[in-house]
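To keep things clear, I will list the structure first and then write my remarks on it.
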Amino acid sequence: MNQAPKLNSFRGGPDEDGRFGIFGGRFVAETLMPLILDLQNEWDNAKNDPAFKAELEHLGAHYIGRPSPLYFAERLTAELGGAKIYFKREELNHTGSHKINNCIGQILLAKRMGKTRIIAETGAGQHGVASATVAARFGLPCVVYMGATDVERQAPNVFRMKLLGAEVKPVTAGSGTLKDAMNEALRDWVTNVDNTYYLIGTAAGPHPYPEMVRDFQAVIGQEAKEQMLAAEGRLPDLVVAAVGGGSNAIGIFHPFLDDESVKIVGVEAGGKGIEGDEHCASITAGSPGVLHGNRTYLLQDGDGQIKEGHSISAGLDYPGIGPEHAWLNDVGRVEYVPIMDHEALEAFQMLTRLEGIIPALEPSHALAEVIKRAPKMGKDEIILMNLSGRGDKDIFTVGKLLGMGL
Amino acid sequence: MTARMDKRFADVAADGRPVLVTYFMGGDPDFETSVSIMKALPKAGADVIELGMPFSDPMADGPAIQLAGQRSLKGGQTLAKTLEIARRFREGDQHTPIVLMGYYNPIYIYGVDRFLTDALAVGIDGLIVVDLPPEMDDELCIPALEKGINFIRLATPTTDDRRLPKVLENTSGFVYYVSMNGITGSALPDPSLIGGAVARIKAHTSLPVCVGFGVKTAEHARAIGASADGVVVGTAIVNQIASSLTEEGKATDATVPGVEALVRGLSAGVRSARLAAAE
């Protein structure tokens, strides 16, 4: 009788305090707490409001271009000689990545809350571009915080944000990457809490952000499931996605979590190798800690100071991960593995040549894992991968690494 | 241990003046200088000391305290060494309350039980942990109160009357009223607005209310001290330390005396606060 109840669903979280097991929570300054609680109320109301849902779906269909296609990668499958490989083509969305799904949802919430100013953080610039886009679409001023290092390596996206009317503020603190941009965005938010909405780009931060961002991104997995049933008459055997903060991954994973036959793998940035400090593999090589409003796996030293990560991909260059991923790892539902910079770079080139699709460096990490696993699987097995963004923004980085002048 | 804090507030109140609370970053610019700065503070007129625990990602701090934390960490400061600064201070001062201020992660990694035991042993009287709101009280606040260490909460302009009781529920020692929405080191808001805010908080609690954020000069300290039970000065002291350093960030002969002179001035400010208010 005293046996612990068996978990009958992996999709029930978080609890009312925003916890996924020991992960998640609301670790923020008092100044922000009233706003976080307001946001939670607004979100609870919105998700049960048919008008909100209808507006979201309308913009999804006509502005983002949903549903995104499910594509059978025939030549890649033949080349690897194993499982059938399908891509969920989130890179075909307006603005070129999955980020817009979340931005549309959150800006509708910001409007409901009467906020008149949008702030966002960005690493690769995809979330910054998506935020600047929805801010333009809804006529709100937008400030995007971006690490100075990233401003340099993602120049095309910086220009896009400026064209869209956003103000891009380079952050020089720390190593000038996503973590530092998030600190600075939080400082702005604490200062301008009355009129400002913080549009967080990943499934992390204080509750309710991890849940809310996941729910806005879960459209990826919901569509993919229906499309896969239509195409193959069954579910995939393996679902793979890249994980930085983890919004594209939780979006495609979540609808499959309770399907026991589906194996799920999240791919972290292994950088130059997980033995040293030059990686961003928070789950593989980190430990639980508290940063940016939640408890999750972090790269940190023995004194609890957060380390600077490294990844070839600015979008994965973050020393933490969304709290739901931390929990899914600990309960054993999702396996998290690292992929090195050079493996991602090889995958990037392979997809470009074989399928005529230039992927972003973030999903190139997921692709590298697919390339490892597909040949070991049967030809009757199916892999579903989230192709979360397109690689136009990365051509300068890749050109430099391959020694090709542009 | 709570007794030391309560006694200090009661004694100073009996003098008819507000308490001067001074913040500095442990380990800035180096361990030994930090010990000297801490020892100098009460002599210059500080009544309560907030000892900063450096963190790599101080999300509620402005540039001055961010840089102080970076200098401190670069010099090899750790939470264990910050506790050691307090221990060294206590060898010569049994009466000045010490409040540790910082962020949760270093404490979480150190281990909450071990941290509270070690903090008590070196004579810590209170904690201010910026990223632990009342919703997270089970993490550290309740265990600290059970051990007899004060948990001092920040109240802000966004903490309305509906929320104040929740914020005050497990607060002890004093209430730290952050005078504006923003990060440390911002500009001082209109002191006339602060009187009303302090009165609003006092309607909900019998604890002393100290006001900080933006207090830089003796004149500010005097103006704030006219209505508050205490005045908190942080960034001004941190800036004073920074301005005394070499280009490489090393301490000079001017570092400790500079802090002393600044705090002496601030102390004169709070000592004249009620006289000014009575005029």
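Convention: chains lettered A, B, ... in structure tokens order; per-chain residue numbering from 1; ligands numbered from 1 as shown.
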
Residues of chain A within 10 Å of chain B: nearest atom pair and distance (Å, one decimal) for each, counting only C-alpha atoms, sorted by chain and number, as JSON lines?
{"residue": "A:Asp17", "atom": "CA", "partner": "B:Glu135", "partner_atom": "CA", "distance": 8.0}
{"residue": "A:Gly25", "atom": "CA", "partner": "B:Met136", "partner_atom": "CA", "distance": 7.8}
{"residue": "A:Arg26", "atom": "CA", "partner": "B:Met136", "partner_atom": "CA", "distance": 7.1}
{"residue": "A:Phe27", "atom": "CA", "partner": "B:Asp131", "partner_atom": "CA", "distance": 4.9}
{"residue": "A:Val28", "atom": "CA", "partner": "B:Asp131", "partner_atom": "CA", "distance": 4.4}
{"residue": "A:Ala29", "atom": "CA", "partner": "B:Asp131", "partner_atom": "CA", "distance": 4.8}
{"residue": "A:Glu30", "atom": "CA", "partner": "B:Pro133", "partner_atom": "CA", "distance": 5.6}
{"residue": "A:Thr31", "atom": "CA", "partner": "B:Thr156", "partner_atom": "CA", "distance": 5.7}
{"residue": "A:Leu32", "atom": "CA", "partner": "B:Thr158", "partner_atom": "CA", "distance": 7.8}
{"residue": "A:Met33", "atom": "CA", "partner": "B:Pro133", "partner_atom": "CA", "distance": 7.3}
{"residue": "A:Pro34", "atom": "CA", "partner": "B:Thr158", "partner_atom": "CA", "distance": 6.8}
{"residue": "A:Leu35", "atom": "CA", "partner": "B:Thr158", "partner_atom": "CA", "distance": 8.4}
{"residue": "A:Ala173", "atom": "CA", "partner": "B:Gln66", "partner_atom": "CA", "distance": 8.7}
{"residue": "A:Gly174", "atom": "CA", "partner": "B:Ser56", "partner_atom": "CA", "distance": 8.3}
{"residue": "A:Lys179", "atom": "CA", "partner": "B:Asp57", "partner_atom": "CA", "distance": 8.4}
{"residue": "A:Asp180", "atom": "CA", "partner": "B:Asp57", "partner_atom": "CA", "distance": 7.7}
{"residue": "A:Met182", "atom": "CA", "partner": "B:Met59", "partner_atom": "CA", "distance": 8.6}
{"residue": "A:Asn183", "atom": "CA", "partner": "B:Met59", "partner_atom": "CA", "distance": 5.1}
{"residue": "A:Glu184", "atom": "CA", "partner": "B:Met59", "partner_atom": "CA", "distance": 7.2}
{"residue": "A:Ala185", "atom": "CA", "partner": "B:Met59", "partner_atom": "CA", "distance": 8.9}
{"residue": "A:Leu186", "atom": "CA", "partner": "B:Met59", "partner_atom": "CA", "distance": 6.3}
{"residue": "A:Arg187", "atom": "CA", "partner": "B:Ala60", "partner_atom": "CA", "distance": 5.9}
{"residue": "A:Asp188", "atom": "CA", "partner": "B:Gly182", "partner_atom": "CA", "distance": 7.7}
{"residue": "A:Trp189", "atom": "CA", "partner": "B:Gly182", "partner_atom": "CA", "distance": 8.1}
{"residue": "A:Val190", "atom": "CA", "partner": "B:Gly182", "partner_atom": "CA", "distance": 5.0}
{"residue": "A:Thr191", "atom": "CA", "partner": "B:Gly182", "partner_atom": "CA", "distance": 3.7}
{"residue": "A:Asn192", "atom": "CA", "partner": "B:Asn181", "partner_atom": "CA", "distance": 7.1}
{"residue": "A:Val193", "atom": "CA", "partner": "B:Asn181", "partner_atom": "CA", "distance": 7.2}
{"residue": "A:Asp194", "atom": "CA", "partner": "B:Thr158", "partner_atom": "CA", "distance": 8.5}
{"residue": "A:Ser287", "atom": "CA", "partner": "B:Ile109", "partner_atom": "CA", "distance": 9.4}
{"residue": "A:Pro288", "atom": "CA", "partner": "B:Ile109", "partner_atom": "CA", "distance": 8.5}
{"residue": "A:Gly289", "atom": "CA", "partner": "B:Asn105", "partner_atom": "CA", "distance": 6.0}
{"residue": "A:Val290", "atom": "CA", "partner": "B:Asn105", "partner_atom": "CA", "distance": 5.1}
{"residue": "A:Leu291", "atom": "CA", "partner": "B:Asn105", "partner_atom": "CA", "distance": 7.1}
{"residue": "A:His292", "atom": "CA", "partner": "B:Met59", "partner_atom": "CA", "distance": 7.9}
{"residue": "A:Gly293", "atom": "CA", "partner": "B:Asp131", "partner_atom": "CA", "distance": 7.5}
{"residue": "A:Asn294", "atom": "CA", "partner": "B:Asp131", "partner_atom": "CA", "distance": 9.9}
{"residue": "A:Arg295", "atom": "CA", "partner": "B:Asn105", "partner_atom": "CA", "distance": 9.1}
{"residue": "A:Gln300", "atom": "CA", "partner": "B:Ile109", "partner_atom": "CA", "distance": 9.4}
{"residue": "A:Asp301", "atom": "CA", "partner": "B:Ile109", "partner_atom": "CA", "distance": 9.2}
{"residue": "A:Gly302", "atom": "CA", "partner": "B:Ile109", "partner_atom": "CA", "distance": 7.2}
{"residue": "A:Asp303", "atom": "CA", "partner": "B:Pro106", "partner_atom": "CA", "distance": 5.6}
{"residue": "A:Gly304", "atom": "CA", "partner": "B:Pro106", "partner_atom": "CA", "distance": 4.2}
{"residue": "A:Gln305", "atom": "CA", "partner": "B:Ser56", "partner_atom": "CA", "distance": 5.3}
{"residue": "A:Ile306", "atom": "CA", "partner": "B:Ser56", "partner_atom": "CA", "distance": 5.9}
{"residue": "A:Lys307", "atom": "CA", "partner": "B:Ser56", "partner_atom": "CA", "distance": 8.2}
{"residue": "A:Glu308", "atom": "CA", "partner": "B:Ser56", "partner_atom": "CA", "distance": 9.8}

What's the 8 Å shell around stretch 99-111 of chain A, counting only C-alpha atoms, without same-chain residues fewer than 2 positions away, as an MDAnalysis selection string? chainID A and resid 42:43 46 52 56 59:60 64 93:95 97 113:116 126:127 130:131 134:135 138 197 199 201 213 216:217 248

Now that the selection is made, can you save its residues with N, CA and C atoms as an mmCIF file, in the first residue's frame?
data_model
loop_
_atom_site.group_PDB
_atom_site.id
_atom_site.type_symbol
_atom_site.label_atom_id
_atom_site.label_comp_id
_atom_site.auth_asym_id
_atom_site.auth_seq_id
_atom_site.Cartn_x
_atom_site.Cartn_y
_atom_site.Cartn_z
ATOM 1 N N GLU A 42 -2.849 35.688 -16.181
ATOM 2 C CA GLU A 42 -3.226 36.017 -17.550
ATOM 3 C C GLU A 42 -3.088 34.789 -18.453
ATOM 4 N N TRP A 43 -2.026 34.045 -18.209
ATOM 5 C CA TRP A 43 -1.781 32.842 -19.001
ATOM 6 C C TRP A 43 -2.845 31.778 -18.708
ATOM 7 N N ALA A 46 -5.901 32.951 -20.503
ATOM 8 C CA ALA A 46 -5.775 32.913 -21.965
ATOM 9 C C ALA A 46 -5.878 31.490 -22.508
ATOM 10 N N PHE A 52 -8.663 33.587 -27.652
ATOM 11 C CA PHE A 52 -7.198 33.615 -27.672
ATOM 12 C C PHE A 52 -6.666 32.500 -28.574
ATOM 13 N N LEU A 56 -4.542 32.848 -32.072
ATOM 14 C CA LEU A 56 -3.258 32.167 -32.187
ATOM 15 C C LEU A 56 -3.238 31.279 -33.440
ATOM 16 N N LEU A 59 -3.205 33.454 -36.713
ATOM 17 C CA LEU A 59 -1.874 33.997 -37.003
ATOM 18 C C LEU A 59 -0.904 32.873 -37.368
ATOM 19 N N GLY A 60 -1.072 31.724 -36.740
ATOM 20 C CA GLY A 60 -0.235 30.570 -37.068
ATOM 21 C C GLY A 60 -0.375 30.205 -38.537
ATOM 22 N N ILE A 64 2.588 32.868 -39.785
ATOM 23 C CA ILE A 64 3.770 32.007 -39.632
ATOM 24 C C ILE A 64 3.879 31.035 -40.806
ATOM 25 N N ASN A 93 9.207 28.267 -41.399
ATOM 26 C CA ASN A 93 8.335 29.278 -40.780
ATOM 27 C C ASN A 93 8.790 30.677 -41.153
ATOM 28 N N HIS A 94 7.864 31.624 -41.097
ATOM 29 C CA HIS A 94 8.210 33.039 -41.185
ATOM 30 C C HIS A 94 9.298 33.334 -40.152
ATOM 31 N N THR A 95 10.315 34.056 -40.556
ATOM 32 C CA THR A 95 11.535 34.416 -39.805
ATOM 33 C C THR A 95 12.544 33.267 -39.704
ATOM 34 N N SER A 97 12.684 30.119 -38.256
ATOM 35 C CA SER A 97 12.899 29.135 -37.186
ATOM 36 C C SER A 97 11.617 28.942 -36.388
ATOM 37 N N MET A 113 -2.209 42.013 -21.318
ATOM 38 C CA MET A 113 -1.794 42.584 -20.038
ATOM 39 C C MET A 113 -1.621 44.102 -20.108
ATOM 40 N N GLY A 114 -1.811 44.668 -21.284
ATOM 41 C CA GLY A 114 -1.703 46.119 -21.436
ATOM 42 C C GLY A 114 -0.277 46.636 -21.423
ATOM 43 N N LYS A 115 0.703 45.760 -21.686
ATOM 44 C CA LYS A 115 2.099 46.211 -21.701
ATOM 45 C C LYS A 115 2.385 46.950 -23.007
ATOM 46 N N THR A 116 3.275 47.948 -22.920
ATOM 47 C CA THR A 116 3.499 48.809 -24.087
ATOM 48 C C THR A 116 4.923 48.741 -24.611
ATOM 49 N N GLN A 126 17.907 34.440 -33.656
ATOM 50 C CA GLN A 126 16.631 33.956 -34.192
ATOM 51 C C GLN A 126 15.465 34.419 -33.324
ATOM 52 N N HIS A 127 15.644 34.328 -32.004
ATOM 53 C CA HIS A 127 14.582 34.793 -31.125
ATOM 54 C C HIS A 127 14.479 36.320 -31.175
ATOM 55 N N ALA A 130 12.594 37.105 -34.305
ATOM 56 C CA ALA A 130 11.178 36.759 -34.136
ATOM 57 C C ALA A 130 10.476 37.763 -33.219
ATOM 58 N N SER A 131 11.176 38.203 -32.160
ATOM 59 C CA SER A 131 10.594 39.190 -31.239
ATOM 60 C C SER A 131 10.408 40.532 -31.938
ATOM 61 N N VAL A 134 7.346 40.291 -34.310
ATOM 62 C CA VAL A 134 6.001 40.397 -33.733
ATOM 63 C C VAL A 134 5.780 41.781 -33.121
ATOM 64 N N ALA A 135 6.875 42.398 -32.626
ATOM 65 C CA ALA A 135 6.743 43.758 -32.087
ATOM 66 C C ALA A 135 6.340 44.715 -33.211
ATOM 67 N N PHE A 138 2.683 44.115 -34.170
ATOM 68 C CA PHE A 138 1.693 44.616 -33.212
ATOM 69 C C PHE A 138 1.965 46.057 -32.773
ATOM 70 N N TYR A 197 7.040 44.079 -21.016
ATOM 71 C CA TYR A 197 6.845 42.635 -21.063
ATOM 72 C C TYR A 197 8.159 41.988 -21.498
ATOM 73 N N LEU A 199 9.819 39.054 -23.126
ATOM 74 C CA LEU A 199 9.488 37.955 -24.032
ATOM 75 C C LEU A 199 10.656 36.956 -24.042
ATOM 76 N N GLY A 201 12.751 33.713 -24.728
ATOM 77 C CA GLY A 201 12.768 32.937 -25.958
ATOM 78 C C GLY A 201 12.866 31.441 -25.790
ATOM 79 N N VAL A 213 6.066 28.611 -22.686
ATOM 80 C CA VAL A 213 6.833 28.486 -23.926
ATOM 81 C C VAL A 213 6.674 27.084 -24.508
ATOM 82 N N PHE A 216 3.304 26.864 -26.234
ATOM 83 C CA PHE A 216 3.291 27.549 -27.535
ATOM 84 C C PHE A 216 4.080 26.763 -28.585
ATOM 85 N N GLN A 217 5.113 26.049 -28.142
ATOM 86 C CA GLN A 217 5.934 25.286 -29.084
ATOM 87 C C GLN A 217 5.409 23.872 -29.336
ATOM 88 N N ASN A 248 12.699 24.286 -28.849
ATOM 89 C CA ASN A 248 12.276 23.501 -30.018
ATOM 90 C C ASN A 248 12.162 22.027 -29.639
#

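Of the residues in stretch 31-109 of chain B, those given strand (DSSP E or B) by DSSP on the backbone are Val48, Ile49, Glu50, Leu51, Gly52, Ile98, Val99, Leu100, Met101 and Gly102 of chain B.
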
Any chance you can output those residues with N, CA and C atoms as a PDB file, in the first residue's frame?
ATOM      1  N   VAL B  48      25.374  48.548  11.167  1.00  0.00           N
ATOM      2  CA  VAL B  48      25.125  47.195  10.688  1.00  0.00           C
ATOM      3  C   VAL B  48      25.944  47.011   9.416  1.00  0.00           C
ATOM      4  N   ILE B  49      26.499  45.808   9.223  1.00  0.00           N
ATOM      5  CA  ILE B  49      27.303  45.571   8.019  1.00  0.00           C
ATOM      6  C   ILE B  49      26.650  44.512   7.137  1.00  0.00           C
ATOM      7  N   GLU B  50      26.493  44.880   5.879  1.00  0.00           N
ATOM      8  CA  GLU B  50      26.087  43.885   4.883  1.00  0.00           C
ATOM      9  C   GLU B  50      27.331  43.450   4.138  1.00  0.00           C
ATOM     10  N   LEU B  51      27.609  42.153   4.240  1.00  0.00           N
ATOM     11  CA  LEU B  51      28.795  41.581   3.611  1.00  0.00           C
ATOM     12  C   LEU B  51      28.358  40.866   2.335  1.00  0.00           C
ATOM     13  N   GLY B  52      28.775  41.393   1.185  1.00  0.00           N
ATOM     14  CA  GLY B  52      28.346  40.839  -0.096  1.00  0.00           C
ATOM     15  C   GLY B  52      29.046  39.536  -0.422  1.00  0.00           C
ATOM     16  N   ILE B  98      26.062  41.397  11.464  1.00  0.00           N
ATOM     17  CA  ILE B  98      26.520  41.137  10.093  1.00  0.00           C
ATOM     18  C   ILE B  98      25.405  40.447   9.319  1.00  0.00           C
ATOM     19  N   VAL B  99      25.122  40.997   8.146  1.00  0.00           N
ATOM     20  CA  VAL B  99      24.127  40.406   7.252  1.00  0.00           C
ATOM     21  C   VAL B  99      24.845  39.983   5.976  1.00  0.00           C
ATOM     22  N   LEU B 100      24.723  38.726   5.608  1.00  0.00           N
ATOM     23  CA  LEU B 100      25.299  38.276   4.336  1.00  0.00           C
ATOM     24  C   LEU B 100      24.299  38.565   3.226  1.00  0.00           C
ATOM     25  N   MET B 101      24.787  39.160   2.123  1.00  0.00           N
ATOM     26  CA  MET B 101      23.879  39.499   1.028  1.00  0.00           C
ATOM     27  C   MET B 101      24.395  38.945  -0.292  1.00  0.00           C
ATOM     28  N   GLY B 102      23.514  38.311  -1.037  1.00  0.00           N
ATOM     29  CA  GLY B 102      23.921  37.796  -2.340  1.00  0.00           C
ATOM     30  C   GLY B 102      22.811  37.006  -3.002  1.00  0.00           C
TER      31      GLY B 102
END

Might you pull out every residue within 8 Å of A:Lys88, with only C-alpha atoms counted and same-chain residues fewer than 3 positions away left off, and present them as a PyMOL selection string? chain A and resi 68-71+220+224+384-388

Within 9 Å of stretch 144-161 of chain A, counting only C-alpha atoms, which residues show up once you throw out same-chain ones fewer than 4 positions away? Write them as a PyMOL selection string, please. chain A and resi 118-126+128-133+165-182+184-185+314+392-394+396-397

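Between atom CA of B:Ala44 and atom CA of B:Val263 lies a distance of 5.7 Å.
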
Which residue is closest to B:Met53? Choose from B:His95, B:Thr117, B:Ile128, B:Gly75 and count only C-alpha atoms. B:Ile128

List the neighbours of A:Gly286 out to 6 Å using only C-alpha atoms; skip same-chain residues closer than 3 positions along the sequence, and give me the result as a count of residues only. 5

List the spatial neighbours of B:Lys202 as a list in words - criterion: any atom at most 12 Å away, only C-alpha atoms, same-chain residues fewer than 5 positions off excluded. Ala155, Asp161, Leu164, Pro165, Leu168, Phe174, Val175, Tyr176, Tyr177, Gly195, Gly196, Ala197, Leu207, Pro208, Val209, Cys210, Ser227, Ala228 and Asp229 of chain B

Put those residues in a file: C-alpha atoms, as a PDB file, in the first residue's frame.
ATOM      1  CA  ALA B 155      10.089  45.103  -0.209  1.00  0.00           C
ATOM      2  CA  ASP B 161      -0.705  46.189   0.207  1.00  0.00           C
ATOM      3  CA  LEU B 164       3.017  42.986   1.782  1.00  0.00           C
ATOM      4  CA  PRO B 165       1.683  40.531   4.421  1.00  0.00           C
ATOM      5  CA  LEU B 168       6.558  40.254   5.811  1.00  0.00           C
ATOM      6  CA  PHE B 174      14.488  44.443   9.638  1.00  0.00           C
ATOM      7  CA  VAL B 175      12.700  45.122   6.366  1.00  0.00           C
ATOM      8  CA  TYR B 176      14.847  46.413   3.522  1.00  0.00           C
ATOM      9  CA  TYR B 177      12.764  48.790   1.448  1.00  0.00           C
ATOM     10  CA  GLY B 195       8.274  58.799   3.758  1.00  0.00           C
ATOM     11  CA  GLY B 196       4.902  57.606   2.488  1.00  0.00           C
ATOM     12  CA  ALA B 197       6.301  54.253   1.399  1.00  0.00           C
ATOM     13  CA  LEU B 207       9.997  45.580  12.399  1.00  0.00           C
ATOM     14  CA  PRO B 208      12.402  48.444  11.663  1.00  0.00           C
ATOM     15  CA  VAL B 209      12.348  49.593   8.029  1.00  0.00           C
ATOM     16  CA  CYS B 210      15.648  50.439   6.350  1.00  0.00           C
ATOM     17  CA  SER B 227      11.531  58.966   7.865  1.00  0.00           C
ATOM     18  CA  ALA B 228      13.214  55.538   7.874  1.00  0.00           C
ATOM     19  CA  ASP B 229      14.605  53.504  10.803  1.00  0.00           C
TER      20      ASP B 229
END

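You will find atom CA of A:Leu164 at 26.2 Å from atom CA of A:Lys53.
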
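Distance check against A:His365 using only C-alpha atoms: of A:Leu401, A:Glu16, A:Pro206, A:Val265, the minimum falls on A:Val265.
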
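Picture a line from atom CA of B:Tyr23 to atom CA of B:Thr205; it runs 24.1 Å.
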
List every residue of stretch 12-210 of chain B that DSSP, applied to the backbone, labels as alpha helix (DSSP H), and write the result as a PDB file with C-alpha atoms, in the first residue's frame.
ATOM      1  CA  VAL B  12      20.327  53.285  18.076  1.00  0.00           C
ATOM      2  CA  ALA B  13      16.623  54.124  18.234  1.00  0.00           C
ATOM      3  CA  ALA B  14      17.147  55.133  21.865  1.00  0.00           C
ATOM      4  CA  PHE B  31      40.686  39.023   0.864  1.00  0.00           C
ATOM      5  CA  GLU B  32      42.994  40.882   3.286  1.00  0.00           C
ATOM      6  CA  THR B  33      41.905  44.362   2.182  1.00  0.00           C
ATOM      7  CA  SER B  34      38.334  43.230   2.601  1.00  0.00           C
ATOM      8  CA  VAL B  35      39.002  42.216   6.207  1.00  0.00           C
ATOM      9  CA  SER B  36      40.545  45.656   6.841  1.00  0.00           C
ATOM     10  CA  ILE B  37      37.578  47.431   5.225  1.00  0.00           C
ATOM     11  CA  MET B  38      35.134  45.466   7.356  1.00  0.00           C
ATOM     12  CA  LYS B  39      37.031  46.281  10.548  1.00  0.00           C
ATOM     13  CA  ALA B  40      37.104  49.967   9.588  1.00  0.00           C
ATOM     14  CA  LEU B  41      33.348  50.270   9.020  1.00  0.00           C
ATOM     15  CA  PRO B  42      32.084  50.330  12.659  1.00  0.00           C
ATOM     16  CA  LYS B  43      34.889  52.680  13.654  1.00  0.00           C
ATOM     17  CA  ALA B  44      33.713  55.105  10.969  1.00  0.00           C
ATOM     18  CA  PRO B  63      27.496  47.951 -13.058  1.00  0.00           C
ATOM     19  CA  ALA B  64      29.344  49.011  -9.866  1.00  0.00           C
ATOM     20  CA  ILE B  65      28.435  45.930  -7.845  1.00  0.00           C
ATOM     21  CA  GLN B  66      28.764  43.683 -10.922  1.00  0.00           C
ATOM     22  CA  LEU B  67      32.360  44.856 -11.315  1.00  0.00           C
ATOM     23  CA  ALA B  68      33.067  44.479  -7.586  1.00  0.00           C
ATOM     24  CA  GLY B  69      31.881  40.867  -7.803  1.00  0.00           C
ATOM     25  CA  GLN B  70      34.093  40.254 -10.820  1.00  0.00           C
ATOM     26  CA  ARG B  71      37.144  41.707  -9.042  1.00  0.00           C
ATOM     27  CA  SER B  72      36.410  39.576  -6.017  1.00  0.00           C
ATOM     28  CA  LEU B  73      35.941  36.331  -7.956  1.00  0.00           C
ATOM     29  CA  LYS B  74      39.021  37.046 -10.046  1.00  0.00           C
ATOM     30  CA  LEU B  79      31.686  31.571  -0.133  1.00  0.00           C
ATOM     31  CA  ALA B  80      33.968  29.818   2.366  1.00  0.00           C
ATOM     32  CA  LYS B  81      36.373  32.774   2.217  1.00  0.00           C
ATOM     33  CA  THR B  82      33.525  35.264   2.681  1.00  0.00           C
ATOM     34  CA  LEU B  83      32.556  33.427   5.878  1.00  0.00           C
ATOM     35  CA  GLU B  84      36.233  33.607   6.881  1.00  0.00           C
ATOM     36  CA  ILE B  85      36.150  37.425   6.493  1.00  0.00           C
ATOM     37  CA  ALA B  86      33.257  37.489   8.962  1.00  0.00           C
ATOM     38  CA  ARG B  87      35.134  35.210  11.359  1.00  0.00           C
ATOM     39  CA  ARG B  88      38.183  37.480  11.319  1.00  0.00           C
ATOM     40  CA  PHE B  89      35.953  40.501  11.960  1.00  0.00           C
ATOM     41  CA  ARG B  90      34.203  38.823  14.895  1.00  0.00           C
ATOM     42  CA  TYR B 104      21.112  31.689  -3.821  1.00  0.00           C
ATOM     43  CA  ASN B 105      23.191  29.440  -6.055  1.00  0.00           C
ATOM     44  CA  PRO B 106      26.520  29.594  -4.172  1.00  0.00           C
ATOM     45  CA  ILE B 107      24.629  28.812  -0.937  1.00  0.00           C
ATOM     46  CA  TYR B 108      22.719  25.968  -2.607  1.00  0.00           C
ATOM     47  CA  ILE B 109      25.961  24.458  -3.890  1.00  0.00           C
ATOM     48  CA  TYR B 110      27.705  24.935  -0.511  1.00  0.00           C
ATOM     49  CA  VAL B 112      22.020  24.865   2.998  1.00  0.00           C
ATOM     50  CA  ASP B 113      22.567  23.033   6.313  1.00  0.00           C
ATOM     51  CA  ARG B 114      26.326  23.305   6.171  1.00  0.00           C
ATOM     52  CA  PHE B 115      26.069  26.985   5.222  1.00  0.00           C
ATOM     53  CA  LEU B 116      23.745  27.851   8.111  1.00  0.00           C
ATOM     54  CA  THR B 117      25.903  25.953  10.605  1.00  0.00           C
ATOM     55  CA  ASP B 118      29.078  27.671   9.400  1.00  0.00           C
ATOM     56  CA  ALA B 119      27.375  31.095   9.228  1.00  0.00           C
ATOM     57  CA  LEU B 120      26.198  30.779  12.836  1.00  0.00           C
ATOM     58  CA  ALA B 121      29.659  29.691  13.928  1.00  0.00           C
ATOM     59  CA  CYS B 141      14.323  31.167   4.824  1.00  0.00           C
ATOM     60  CA  ILE B 142      12.572  28.622   7.063  1.00  0.00           C
ATOM     61  CA  PRO B 143      15.755  26.611   7.785  1.00  0.00           C
ATOM     62  CA  ALA B 144      17.574  29.876   8.618  1.00  0.00           C
ATOM     63  CA  LEU B 145      14.860  31.060  11.001  1.00  0.00           C
ATOM     64  CA  GLU B 146      14.872  27.652  12.710  1.00  0.00           C
ATOM     65  CA  LYS B 147      18.616  28.001  13.276  1.00  0.00           C
ATOM     66  CA  LEU B 164       3.017  42.986   1.782  1.00  0.00           C
ATOM     67  CA  PRO B 165       1.683  40.531   4.421  1.00  0.00           C
ATOM     68  CA  LYS B 166       3.144  37.619   2.444  1.00  0.00           C
ATOM     69  CA  VAL B 167       6.499  39.365   2.109  1.00  0.00           C
ATOM     70  CA  LEU B 168       6.558  40.254   5.811  1.00  0.00           C
ATOM     71  CA  GLU B 169       5.328  36.895   7.090  1.00  0.00           C
ATOM     72  CA  PRO B 191      12.994  61.499  -0.728  1.00  0.00           C
ATOM     73  CA  SER B 192       9.564  63.000  -0.055  1.00  0.00           C
ATOM     74  CA  LEU B 193       7.954  59.938  -1.674  1.00  0.00           C
ATOM     75  CA  ILE B 194       9.930  57.603   0.560  1.00  0.00           C
ATOM     76  CA  GLY B 195       8.274  58.799   3.758  1.00  0.00           C
ATOM     77  CA  GLY B 196       4.902  57.606   2.488  1.00  0.00           C
ATOM     78  CA  ALA B 197       6.301  54.253   1.399  1.00  0.00           C
ATOM     79  CA  VAL B 198       7.926  53.676   4.796  1.00  0.00           C
ATOM     80  CA  ALA B 199       4.663  54.568   6.549  1.00  0.00           C
ATOM     81  CA  ARG B 200       2.815  52.089   4.311  1.00  0.00           C
ATOM     82  CA  ILE B 201       5.162  49.255   5.330  1.00  0.00           C
ATOM     83  CA  LYS B 202       5.098  50.235   9.001  1.00  0.00           C
TER      84      LYS B 202
END

B:Asp15 environment, 12 Å, only C-alpha atoms, sequence neighbours closer than 4 positions dropped, as a PyMOL selection string: chain B and resi 8-11+19+229+270-275

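Each of B:Pro18, B:Pro189, B:Pro29, B:Gly92 was checked against B:Thr252 using only C-alpha atoms; the smallest atom-to-atom distance is that of B:Pro29.
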